[in-house]
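Trainee: If it helps, the file is called run_11.txt and holds compact mmCIF, C-alpha atoms:
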# COMPACT_ATOMS: atom_id res chain seq x y z
CA MET K 1 21.38 -13.72 -3.42
CA ILE K 2 17.77 -13.25 -2.31
CA LYS K 3 15.34 -15.27 -4.44
CA VAL K 4 12.05 -13.49 -5.16
CA ILE K 5 8.64 -14.62 -6.41
CA MET K 6 6.82 -11.77 -8.16
CA HIS K 7 3.09 -12.07 -7.44
CA GLY K 8 1.33 -10.08 -10.15
CA ALA K 9 4.26 -10.44 -12.50
CA SER K 10 2.58 -9.29 -15.73
CA GLY K 11 1.07 -6.15 -14.27
CA LYS K 12 2.69 -2.73 -14.59
CA MET K 13 4.23 -2.87 -11.12
CA GLY K 14 5.36 -6.46 -11.60
CA GLN K 15 7.16 -5.53 -14.79
CA THR K 16 8.65 -2.41 -13.20
CA ILE K 17 10.03 -4.40 -10.27
CA THR K 18 11.37 -7.06 -12.62
CA ARG K 19 13.37 -4.41 -14.50
CA LEU K 20 14.67 -2.87 -11.29
CA ILE K 21 15.74 -6.22 -9.82
CA ALA K 22 17.61 -7.05 -13.04
CA ASP K 23 20.00 -4.23 -12.10
CA ASP K 24 20.25 -5.21 -8.43
CA GLU K 25 22.93 -7.74 -7.58
CA ALA K 26 21.32 -8.60 -4.24
CA LEU K 27 18.11 -10.10 -5.66
CA GLU K 28 16.88 -12.41 -8.39
CA VAL K 29 13.30 -13.07 -9.52
CA VAL K 30 12.97 -16.85 -9.82
CA ALA K 31 9.25 -17.10 -10.62
CA GLY K 32 6.21 -15.01 -11.38
CA ILE K 33 2.51 -15.47 -10.68
CA ASP K 34 -0.10 -14.10 -13.07
CA LYS K 35 -3.07 -15.32 -15.09
CA VAL K 36 -1.58 -13.51 -18.07
CA ASP K 37 1.76 -14.64 -19.54
CA ASN K 38 3.02 -12.21 -22.16
CA GLY K 39 5.70 -14.67 -23.22
CA ASN K 40 8.53 -12.20 -22.65
CA SER K 41 9.27 -12.99 -19.03
CA PRO K 42 12.86 -13.93 -18.06
CA TYR K 43 11.47 -16.34 -15.47
CA PRO K 44 8.65 -18.94 -15.45
CA ILE K 45 5.09 -17.64 -14.98
CA PHE K 46 2.53 -19.70 -13.06
CA GLY K 47 -1.20 -19.09 -13.40
CA SER K 48 -1.73 -19.24 -9.65
CA ILE K 49 0.44 -19.20 -6.54
CA ALA K 50 -0.72 -22.72 -5.67
CA GLU K 51 0.93 -24.04 -8.87
CA CYS K 52 4.33 -22.55 -8.06
CA ASP K 53 6.89 -25.20 -7.06
CA ILE K 54 9.98 -22.98 -7.08
CA ASN K 55 11.61 -22.14 -3.77
CA ALA K 56 12.12 -18.50 -2.84
CA ASP K 57 13.21 -16.36 0.09
CA VAL K 58 10.47 -13.73 -0.21
CA ILE K 59 7.39 -12.83 -2.26
CA ILE K 60 6.66 -9.34 -3.56
CA ASP K 61 2.94 -8.89 -4.15
CA PHE K 62 1.39 -6.30 -6.45
CA SER K 63 -1.73 -8.12 -7.60
CA ILE K 64 -5.48 -7.86 -6.96
CA ALA K 65 -7.46 -8.32 -3.76
CA THR K 66 -9.11 -11.56 -4.90
CA ALA K 67 -5.67 -13.21 -5.24
CA VAL K 68 -4.54 -12.41 -1.70
CA ASP K 69 -6.38 -15.26 0.06
CA ASP K 70 -4.49 -17.97 -1.84
CA LEU K 71 -1.27 -16.00 -1.42
CA LEU K 72 -1.60 -16.02 2.36
CA LEU K 73 -2.27 -19.75 2.39
CA TYR K 74 0.88 -20.31 0.30
CA CYS K 75 3.03 -18.12 2.54
CA GLU K 76 1.89 -19.97 5.62
CA LYS K 77 2.27 -23.42 4.07
CA ARG K 78 5.69 -22.77 2.54
CA ASN K 79 6.91 -20.39 5.26
CA VAL K 80 7.81 -17.68 2.75
CA PRO K 81 7.80 -14.02 3.90
CA CYS K 82 5.71 -11.63 1.85
CA VAL K 83 5.86 -7.92 1.00
CA LEU K 84 2.13 -7.33 0.55
CA CYS K 85 1.33 -4.22 -1.51
CA THR K 86 -2.12 -4.99 -2.91
CA THR K 87 -4.84 -2.54 -1.87
CA GLY K 88 -8.64 -2.70 -1.75
CA LEU K 89 -8.64 -5.54 0.80
CA THR K 90 -11.70 -6.45 2.86
CA GLU K 91 -11.79 -6.36 6.65
CA GLU K 92 -11.84 -10.16 6.62
CA GLN K 93 -8.67 -10.24 4.52
CA ILE K 94 -6.94 -7.75 6.82
CA ASP K 95 -7.81 -9.97 9.78
CA LYS K 96 -6.41 -12.97 7.89
CA ILE K 97 -3.19 -11.08 7.18
CA LYS K 98 -2.76 -10.40 10.90
CA GLU K 99 -3.44 -14.06 11.67
CA THR K 100 -0.95 -15.24 9.04
CA SER K 101 1.71 -12.86 10.35
CA GLU K 102 1.74 -14.87 13.58
CA LYS K 103 3.26 -17.73 11.57
CA VAL K 104 5.32 -16.00 8.86
CA ALA K 105 6.79 -12.55 8.27
CA ILE K 106 4.40 -10.17 6.48
CA LEU K 107 5.20 -6.59 5.53
CA LYS K 108 2.03 -4.74 4.58
CA SER K 109 2.03 -1.24 3.20
CA ALA K 110 -0.50 0.71 1.18
CA ASN K 111 2.34 2.70 -0.36
CA MET K 112 5.98 1.72 -0.66
CA SER K 113 7.49 5.15 -1.38
CA LEU K 114 9.93 6.70 1.06
CA GLY K 115 8.24 10.08 0.73
CA ILE K 116 4.79 8.80 1.67
CA ASN K 117 6.13 6.97 4.71
CA LEU K 118 7.89 10.10 5.87
CA LEU K 119 4.63 12.00 5.31
CA LEU K 120 2.81 9.54 7.58
CA LYS K 121 5.10 10.59 10.41
CA MET K 122 4.78 14.30 9.66
CA LEU K 123 0.99 14.17 9.63
CA LYS K 124 0.87 12.89 13.19
CA GLU K 125 2.67 15.99 14.44
CA ALA K 126 0.54 18.30 12.32
CA ALA K 127 -2.71 16.68 13.43
CA GLY K 128 -1.73 16.94 17.09
CA VAL K 129 -1.35 20.71 16.72
CA LEU K 130 -3.96 21.66 14.13
CA ALA K 131 -6.96 19.46 14.91
CA PRO K 132 -7.35 20.72 18.51
CA ALA K 133 -7.19 24.25 17.06
CA GLY K 134 -10.30 23.53 14.99
CA PHE K 135 -8.79 22.78 11.59
CA ASP K 136 -10.94 20.61 9.30
CA ILE K 137 -9.18 17.70 7.58
CA GLU K 138 -9.73 16.64 3.98
CA ILE K 139 -7.79 14.18 1.82
CA VAL K 140 -7.80 14.40 -1.97
CA GLU K 141 -6.23 11.62 -4.02
CA LYS K 142 -5.75 11.28 -7.78
CA HIS K 143 -4.91 8.15 -9.75
CA HIS K 144 -5.03 6.77 -13.29
CA ASN K 145 -8.28 5.66 -14.89
CA LEU K 146 -7.51 1.95 -14.50
CA LYS K 147 -7.44 1.97 -10.68
CA VAL K 148 -10.48 0.13 -9.34
CA ASP K 149 -10.49 0.88 -5.60
CA ALA K 150 -11.33 4.23 -4.03
CA PRO K 151 -10.21 5.86 -1.87
CA SER K 152 -6.71 4.59 -2.47
CA GLY K 153 -5.01 2.49 0.15
CA THR K 154 -2.48 5.28 0.58
CA ALA K 155 -5.20 7.86 1.22
CA LEU K 156 -6.72 5.60 3.86
CA ALA K 157 -3.30 5.11 5.45
CA LEU K 158 -2.82 8.88 5.61
CA GLY K 159 -6.17 9.23 7.33
CA ASP K 160 -5.38 6.40 9.73
CA SER K 161 -2.10 8.06 10.69
CA ILE K 162 -3.96 11.25 11.55
CA ASN K 163 -6.77 9.45 13.36
CA ASP K 164 -4.35 7.39 15.43
CA GLU K 165 -2.83 10.62 16.71
CA LEU K 166 -6.31 11.93 17.52
CA GLY K 167 -7.43 8.92 19.54
CA SER K 168 -9.46 7.41 16.66
CA GLU K 169 -12.23 9.92 17.36
CA TYR K 170 -12.66 11.03 13.75
CA LYS K 171 -15.20 9.60 11.31
CA TYR K 172 -14.33 9.02 7.65
CA ILE K 173 -16.72 10.60 5.12
CA TYR K 174 -16.46 9.28 1.57
CA ASP K 175 -19.49 10.92 -0.05
CA ARG K 176 -21.21 14.21 0.82
CA SER K 177 -23.80 14.03 -1.95
CA GLN K 178 -26.37 11.99 -0.04
CA GLU K 179 -26.94 14.32 2.91
CA ARG K 180 -27.54 18.06 3.01
CA VAL K 181 -25.91 18.78 6.36
CA LYS K 182 -23.00 20.94 7.40
CA ARG K 183 -19.62 19.38 7.97
CA GLY K 184 -19.04 17.74 11.35
CA LYS K 185 -16.13 18.84 13.49
CA LYS K 186 -14.60 15.38 13.83
CA GLU K 187 -14.55 14.21 10.23
CA ILE K 188 -11.88 13.28 7.73
CA GLY K 189 -13.30 13.79 4.26
CA TYR K 190 -12.10 11.86 1.21
CA SER K 191 -12.25 12.78 -2.47
CA ALA K 192 -11.08 10.40 -5.20
CA ILE K 193 -10.23 11.47 -8.75
CA ARG K 194 -9.62 8.98 -11.56
CA GLY K 195 -8.26 9.98 -14.94
CA GLY K 196 -5.60 9.59 -17.57
CA THR K 197 -2.26 8.16 -16.50
CA ILE K 198 -1.87 9.87 -13.12
CA VAL K 199 0.57 7.69 -11.16
CA GLY K 200 -0.47 8.98 -7.76
CA GLU K 201 -1.11 12.32 -6.08
CA HIS K 202 -2.18 12.87 -2.48
CA ASP K 203 -3.07 16.13 -0.76
CA VAL K 204 -3.89 16.31 2.95
CA ILE K 205 -5.60 19.60 3.70
CA PHE K 206 -5.88 21.15 7.15
CA ALA K 207 -8.37 23.99 6.69
CA GLY K 208 -8.64 26.46 9.55
CA CYS K 209 -10.01 29.96 10.05
CA ASP K 210 -8.28 32.20 7.49
CA GLU K 211 -5.43 29.73 6.85
CA ILE K 212 -4.85 26.42 5.12
CA VAL K 213 -1.97 23.98 5.58
CA THR K 214 -1.55 21.41 2.80
CA PHE K 215 0.76 18.40 2.69
CA SER K 216 1.29 17.07 -0.84
CA HIS K 217 3.02 14.08 -2.38
CA THR K 218 3.29 13.35 -6.09
CA ALA K 219 4.68 10.19 -7.66
CA TYR K 220 5.90 10.73 -11.22
CA SER K 221 6.55 7.08 -12.01
CA LYS K 222 5.82 3.66 -10.59
CA SER K 223 9.52 3.07 -10.01
CA VAL K 224 9.31 4.89 -6.64
CA PHE K 225 7.00 2.15 -5.40
CA GLY K 226 9.09 -0.59 -6.97
CA LYS K 227 12.28 0.65 -5.33
CA GLY K 228 10.56 0.72 -1.96
CA ALA K 229 9.21 -2.81 -2.43
CA ILE K 230 12.69 -4.07 -3.30
CA GLU K 231 14.18 -2.52 -0.18
CA ALA K 232 11.35 -4.06 1.83
CA ALA K 233 12.07 -7.49 0.32
CA LYS K 234 15.74 -7.20 1.27
CA TYR K 235 14.72 -6.29 4.80
CA LEU K 236 12.07 -8.99 5.18
CA ALA K 237 13.95 -12.02 3.83
CA GLY K 238 14.96 -14.20 6.76
CA LYS K 239 12.92 -12.25 9.33
CA PRO K 240 10.93 -14.14 11.98
CA ALA K 241 7.12 -14.23 11.94
CA GLY K 242 5.44 -10.92 12.61
CA MET K 243 3.69 -7.92 11.07
CA TYR K 244 6.12 -5.39 9.62
CA THR K 245 5.70 -1.99 7.94
CA MET K 246 7.80 0.38 5.89
CA ALA K 247 8.54 2.20 9.13
CA ASP K 248 10.69 -0.83 10.06
CA VAL K 249 12.52 -0.61 6.75
CA ILE K 250 13.33 3.09 6.90
CA GLY K 251 14.08 2.97 10.63
Translate this file's structure into structure tokens.
Mentor:
Amino acid sequence: MIKVIMHGASGKMGQTITRLIADDEALEVVAGIDKVDNGNSPYPIFGSIAECDINADVIIDFSIATAVDDLLLYCEKRNVPCVLCTTGLTEEQIDKIKETSEKVAILKSANMSLGINLLLKMLKEAAGVLAPAGFDIEIVEKHHNLKVDAPSGTALALGDSINDELGSEYKYIYDRSQERVKRGKKEIGYSAIRGGTIVGEHDVIFAGCDEIVTFSHTAYSKSVFGKGAIEAAKYLAGKPAGMYTMADVIG
């Protein structure tokens, strides 16, 4: 059985994954990390990853960006692979993740759902056809009112997938309110909406002359992300050092 440490155990995703793993005979959560202990956890909760003295085969991380630095140090020191799902990371943290992956297996994904990862592949083909034909590209994302980072990590990943296909020639525009200028030809525009209990909606719009092509993905519950993270943990446990993605998991 694969032993899991849940980093961000008391959060909504941590609790969702805990419930899902309880019904999965291949995994067991042996410890959780969170500053908040609601007292109802079926496993011990540590206030920080540095305090955890329980051995595990893999860590699943759904926490906050400020907790990632200590997490990476722990993974390297204890040689524990990590499925890293936290978003809103700084460039310095992303560089540190790449550095850490040279010593221990790290799977980083802005979104763990199967549908989003399939969409990433589809967007490359669409961009290769539509962008040279003059289509403008806009990304609209919607999330609940508790989400603190914007644009979402998933929205940025969608844009990166497109831009990779286009030779990284496109500039990301996050706010059009500060300049009164017409839209540039090589831009990917982002709009972020926060409200209510929206789990996650992403629309990628290719707007051309007299026609619009829209790719949409809607998550109706957090369980889609939890299921993906669990499959990623199964895949990553025992893997050699390296940087992995959900593309490796889904083949």
Trainee: How many Å separate CA of Ser48 in chain K from CA of Gly226 in chain K?
Mentor: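 CA of Gly226 in chain K lies 21.7 Å from CA of Ser48 in chain K.
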Trainee: May I have the residues within 12 Å of Leu73 in chain K as number ranges by chain, using all atoms listed in the file and disregarding those fewer than 2 positions away in the same chain?
Mentor: K: 49-50, 67-71, 75-82, 93, 96-97, 99-101, 103-104
Trainee: Can you tell me which residues surround Asn145 in chain K at a distance of at most 8 Å, considering only C-alpha atoms, apart from same-chain residues fewer than 5 positions away, and format the answer as a PyMOL selection string?
Mentor: chain K and resi 194-198
Trainee: Rounded to one decimal in Å, what is the spacing between CA of Ile205 in chain K and CA of Asp149 in chain K?
Mentor: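 These atoms are spaced 21.5 Å apart.
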Trainee: Using only C-alpha atoms, which residues sit within 12 Å of Lys108 in chain K once same-chain residues fewer than 5 positions away are excluded, as a tab-separated table (two decimals) with C-alpha atoms, in the frame of the given file?
Mentor:
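Here's the written file selection.tsv:
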chain	number	residue	atom	x	y	z
K	59	ILE	CA	7.39	-12.83	-2.26
K	60	ILE	CA	6.66	-9.34	-3.56
K	61	ASP	CA	2.94	-8.89	-4.15
K	62	PHE	CA	1.39	-6.30	-6.45
K	68	VAL	CA	-4.54	-12.41	-1.70
K	81	PRO	CA	7.80	-14.02	3.90
K	82	CYS	CA	5.71	-11.63	1.85
K	83	VAL	CA	5.86	-7.92	1.00
K	84	LEU	CA	2.13	-7.33	0.55
K	85	CYS	CA	1.33	-4.22	-1.51
K	86	THR	CA	-2.12	-4.99	-2.91
K	87	THR	CA	-4.84	-2.54	-1.87
K	89	LEU	CA	-8.64	-5.54	0.80
K	94	ILE	CA	-6.94	-7.75	6.82
K	97	ILE	CA	-3.19	-11.08	7.18
K	98	LYS	CA	-2.76	-10.40	10.90
K	100	THR	CA	-0.95	-15.24	9.04
K	101	SER	CA	1.71	-12.86	10.35
K	153	GLY	CA	-5.01	2.49	0.15
K	154	THR	CA	-2.48	5.28	0.58
K	157	ALA	CA	-3.30	5.11	5.45
K	229	ALA	CA	9.21	-2.81	-2.43
K	232	ALA	CA	11.35	-4.06	1.83
K	233	ALA	CA	12.07	-7.49	0.32
K	236	LEU	CA	12.07	-8.99	5.18
K	242	GLY	CA	5.44	-10.92	12.61
K	243	MET	CA	3.69	-7.92	11.07
K	244	TYR	CA	6.12	-5.39	9.62
K	245	THR	CA	5.70	-1.99	7.94
K	246	MET	CA	7.80	0.38	5.89
K	247	ALA	CA	8.54	2.20	9.13
K	248	ASP	CA	10.69	-0.83	10.06
K	249	VAL	CA	12.52	-0.61	6.75
Trainee: Find, counting all atoms listed in the file, the residue in K:Glu201, K:Glu125, K:Glu179, K:Glu92 that gets nearest to Pro151 in chain K.
Mentor: K:Glu201
Trainee: I'd like to know which of K:Ile2, K:Gly238, K:Leu156, K:Cys209 is closest to Ala26 in chain K, using all atoms listed in the file.
Mentor: K:Ile2
Trainee: Quick one: of K:Ile137, K:Ile212, K:Val36, K:Ala155, who's nearest to Ala110 in chain K, counting only C-alpha atoms?
Mentor: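 Closest to Ala110 in chain K, using only C-alpha atoms: K:Ala155.
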Trainee: Measuring atom to atom with only C-alpha atoms, identify which of K:Gly251, K:Gly228, K:Gly134, K:Gly14 is nearest to Ser109 in chain K.
Mentor: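 Closest to Ser109 in chain K, using only C-alpha atoms: K:Gly228.
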Trainee: Mind filling out range 148-171 of chain K with N, CA, C and O atoms and sending it as a PDB file, in the frame of the given file?
Mentor:
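Written output follows (rebuild_6.pdb):
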ATOM      1  N   VAL K 148      -9.100   0.552  -9.618  1.00  0.00           N
ATOM      2  CA  VAL K 148     -10.480   0.130  -9.340  1.00  0.00           C
ATOM      3  C   VAL K 148     -10.955   0.458  -7.930  1.00  0.00           C
ATOM      4  O   VAL K 148     -12.158   0.552  -7.690  1.00  0.00           O
ATOM      5  N   ASP K 149     -10.051   0.618  -6.963  1.00  0.00           N
ATOM      6  CA  ASP K 149     -10.490   0.880  -5.600  1.00  0.00           C
ATOM      7  C   ASP K 149     -10.399   2.370  -5.280  1.00  0.00           C
ATOM      8  O   ASP K 149      -9.542   3.077  -5.789  1.00  0.00           O
ATOM      9  N   ALA K 150     -11.323   2.818  -4.447  1.00  0.00           N
ATOM     10  CA  ALA K 150     -11.330   4.230  -4.030  1.00  0.00           C
ATOM     11  C   ALA K 150     -12.015   4.329  -2.669  1.00  0.00           C
ATOM     12  O   ALA K 150     -13.042   3.678  -2.449  1.00  0.00           O
ATOM     13  N   PRO K 151     -11.472   5.117  -1.752  1.00  0.00           N
ATOM     14  CA  PRO K 151     -10.210   5.860  -1.870  1.00  0.00           C
ATOM     15  C   PRO K 151      -9.024   4.895  -1.964  1.00  0.00           C
ATOM     16  O   PRO K 151      -9.141   3.711  -1.653  1.00  0.00           O
ATOM     17  N   SER K 152      -7.911   5.425  -2.355  1.00  0.00           N
ATOM     18  CA  SER K 152      -6.710   4.590  -2.470  1.00  0.00           C
ATOM     19  C   SER K 152      -6.269   4.094  -1.104  1.00  0.00           C
ATOM     20  O   SER K 152      -6.577   4.702  -0.072  1.00  0.00           O
ATOM     21  N   GLY K 153      -5.543   3.005  -1.108  1.00  0.00           N
ATOM     22  CA  GLY K 153      -5.010   2.490   0.150  1.00  0.00           C
ATOM     23  C   GLY K 153      -4.095   3.488   0.831  1.00  0.00           C
ATOM     24  O   GLY K 153      -4.056   3.590   2.057  1.00  0.00           O
ATOM     25  N   THR K 154      -3.367   4.256   0.021  1.00  0.00           N
ATOM     26  CA  THR K 154      -2.480   5.280   0.580  1.00  0.00           C
ATOM     27  C   THR K 154      -3.276   6.377   1.264  1.00  0.00           C
ATOM     28  O   THR K 154      -2.931   6.822   2.358  1.00  0.00           O
ATOM     29  N   ALA K 155      -4.358   6.822   0.621  1.00  0.00           N
ATOM     30  CA  ALA K 155      -5.200   7.860   1.220  1.00  0.00           C
ATOM     31  C   ALA K 155      -5.777   7.385   2.550  1.00  0.00           C
ATOM     32  O   ALA K 155      -5.825   8.145   3.531  1.00  0.00           O
ATOM     33  N   LEU K 156      -6.194   6.150   2.605  1.00  0.00           N
ATOM     34  CA  LEU K 156      -6.720   5.600   3.860  1.00  0.00           C
ATOM     35  C   LEU K 156      -5.628   5.532   4.920  1.00  0.00           C
ATOM     36  O   LEU K 156      -5.875   5.816   6.093  1.00  0.00           O
ATOM     37  N   ALA K 157      -4.414   5.172   4.506  1.00  0.00           N
ATOM     38  CA  ALA K 157      -3.300   5.110   5.450  1.00  0.00           C
ATOM     39  C   ALA K 157      -2.972   6.492   6.004  1.00  0.00           C
ATOM     40  O   ALA K 157      -2.653   6.637   7.193  1.00  0.00           O
ATOM     41  N   LEU K 158      -3.057   7.514   5.161  1.00  0.00           N
ATOM     42  CA  LEU K 158      -2.820   8.880   5.610  1.00  0.00           C
ATOM     43  C   LEU K 158      -3.865   9.284   6.654  1.00  0.00           C
ATOM     44  O   LEU K 158      -3.546   9.877   7.688  1.00  0.00           O
ATOM     45  N   GLY K 159      -5.112   8.940   6.376  1.00  0.00           N
ATOM     46  CA  GLY K 159      -6.170   9.230   7.330  1.00  0.00           C
ATOM     47  C   GLY K 159      -5.997   8.470   8.630  1.00  0.00           C
ATOM     48  O   GLY K 159      -6.223   9.015   9.717  1.00  0.00           O
ATOM     49  N   ASP K 160      -5.597   7.213   8.525  1.00  0.00           N
ATOM     50  CA  ASP K 160      -5.380   6.400   9.730  1.00  0.00           C
ATOM     51  C   ASP K 160      -4.269   6.978  10.592  1.00  0.00           C
ATOM     52  O   ASP K 160      -4.341   6.952  11.822  1.00  0.00           O
ATOM     53  N   SER K 161      -3.207   7.469   9.948  1.00  0.00           N
ATOM     54  CA  SER K 161      -2.100   8.060  10.690  1.00  0.00           C
ATOM     55  C   SER K 161      -2.576   9.260  11.495  1.00  0.00           C
ATOM     56  O   SER K 161      -2.212   9.434  12.663  1.00  0.00           O
ATOM     57  N   ILE K 162      -3.400  10.084  10.867  1.00  0.00           N
ATOM     58  CA  ILE K 162      -3.960  11.250  11.550  1.00  0.00           C
ATOM     59  C   ILE K 162      -4.882  10.812  12.688  1.00  0.00           C
ATOM     60  O   ILE K 162      -4.801  11.302  13.813  1.00  0.00           O
ATOM     61  N   ASN K 163      -5.766   9.876  12.378  1.00  0.00           N
ATOM     62  CA  ASN K 163      -6.770   9.450  13.360  1.00  0.00           C
ATOM     63  C   ASN K 163      -6.140   8.753  14.561  1.00  0.00           C
ATOM     64  O   ASN K 163      -6.623   8.874  15.687  1.00  0.00           O
ATOM     65  N   ASP K 164      -5.063   8.023  14.320  1.00  0.00           N
ATOM     66  CA  ASP K 164      -4.350   7.390  15.430  1.00  0.00           C
ATOM     67  C   ASP K 164      -3.840   8.439  16.413  1.00  0.00           C
ATOM     68  O   ASP K 164      -3.895   8.261  17.634  1.00  0.00           O
ATOM     69  N   GLU K 165      -3.329   9.536  15.871  1.00  0.00           N
ATOM     70  CA  GLU K 165      -2.830  10.620  16.710  1.00  0.00           C
ATOM     71  C   GLU K 165      -3.955  11.299  17.478  1.00  0.00           C
ATOM     72  O   GLU K 165      -3.744  11.817  18.586  1.00  0.00           O
ATOM     73  N   LEU K 166      -5.171  11.243  16.921  1.00  0.00           N
ATOM     74  CA  LEU K 166      -6.310  11.930  17.520  1.00  0.00           C
ATOM     75  C   LEU K 166      -7.221  10.987  18.302  1.00  0.00           C
ATOM     76  O   LEU K 166      -8.394  11.286  18.531  1.00  0.00           O
ATOM     77  N   GLY K 167      -6.678   9.854  18.703  1.00  0.00           N
ATOM     78  CA  GLY K 167      -7.430   8.920  19.540  1.00  0.00           C
ATOM     79  C   GLY K 167      -8.556   8.200  18.823  1.00  0.00           C
ATOM     80  O   GLY K 167      -9.520   7.745  19.448  1.00  0.00           O
ATOM     81  N   SER K 168      -8.455   8.101  17.492  1.00  0.00           N
ATOM     82  CA  SER K 168      -9.460   7.410  16.660  1.00  0.00           C
ATOM     83  C   SER K 168     -10.867   7.976  16.874  1.00  0.00           C
ATOM     84  O   SER K 168     -11.859   7.248  16.798  1.00  0.00           O
ATOM     85  N   GLU K 169     -10.947   9.273  17.118  1.00  0.00           N
ATOM     86  CA  GLU K 169     -12.230   9.920  17.360  1.00  0.00           C
ATOM     87  C   GLU K 169     -12.879  10.453  16.085  1.00  0.00           C
ATOM     88  O   GLU K 169     -14.043  10.873  16.107  1.00  0.00           O
ATOM     89  N   TYR K 170     -12.152  10.426  14.979  1.00  0.00           N
ATOM     90  CA  TYR K 170     -12.660  11.030  13.750  1.00  0.00           C
ATOM     91  C   TYR K 170     -13.348  10.004  12.850  1.00  0.00           C
ATOM     92  O   TYR K 170     -12.916   8.859  12.746  1.00  0.00           O
ATOM     93  N   LYS K 171     -14.424  10.440  12.217  1.00  0.00           N
ATOM     94  CA  LYS K 171     -15.200   9.600  11.310  1.00  0.00           C
ATOM     95  C   LYS K 171     -14.780   9.892   9.870  1.00  0.00           C
ATOM     96  O   LYS K 171     -14.549  11.039   9.505  1.00  0.00           O
TER      97      LYS K 171
END
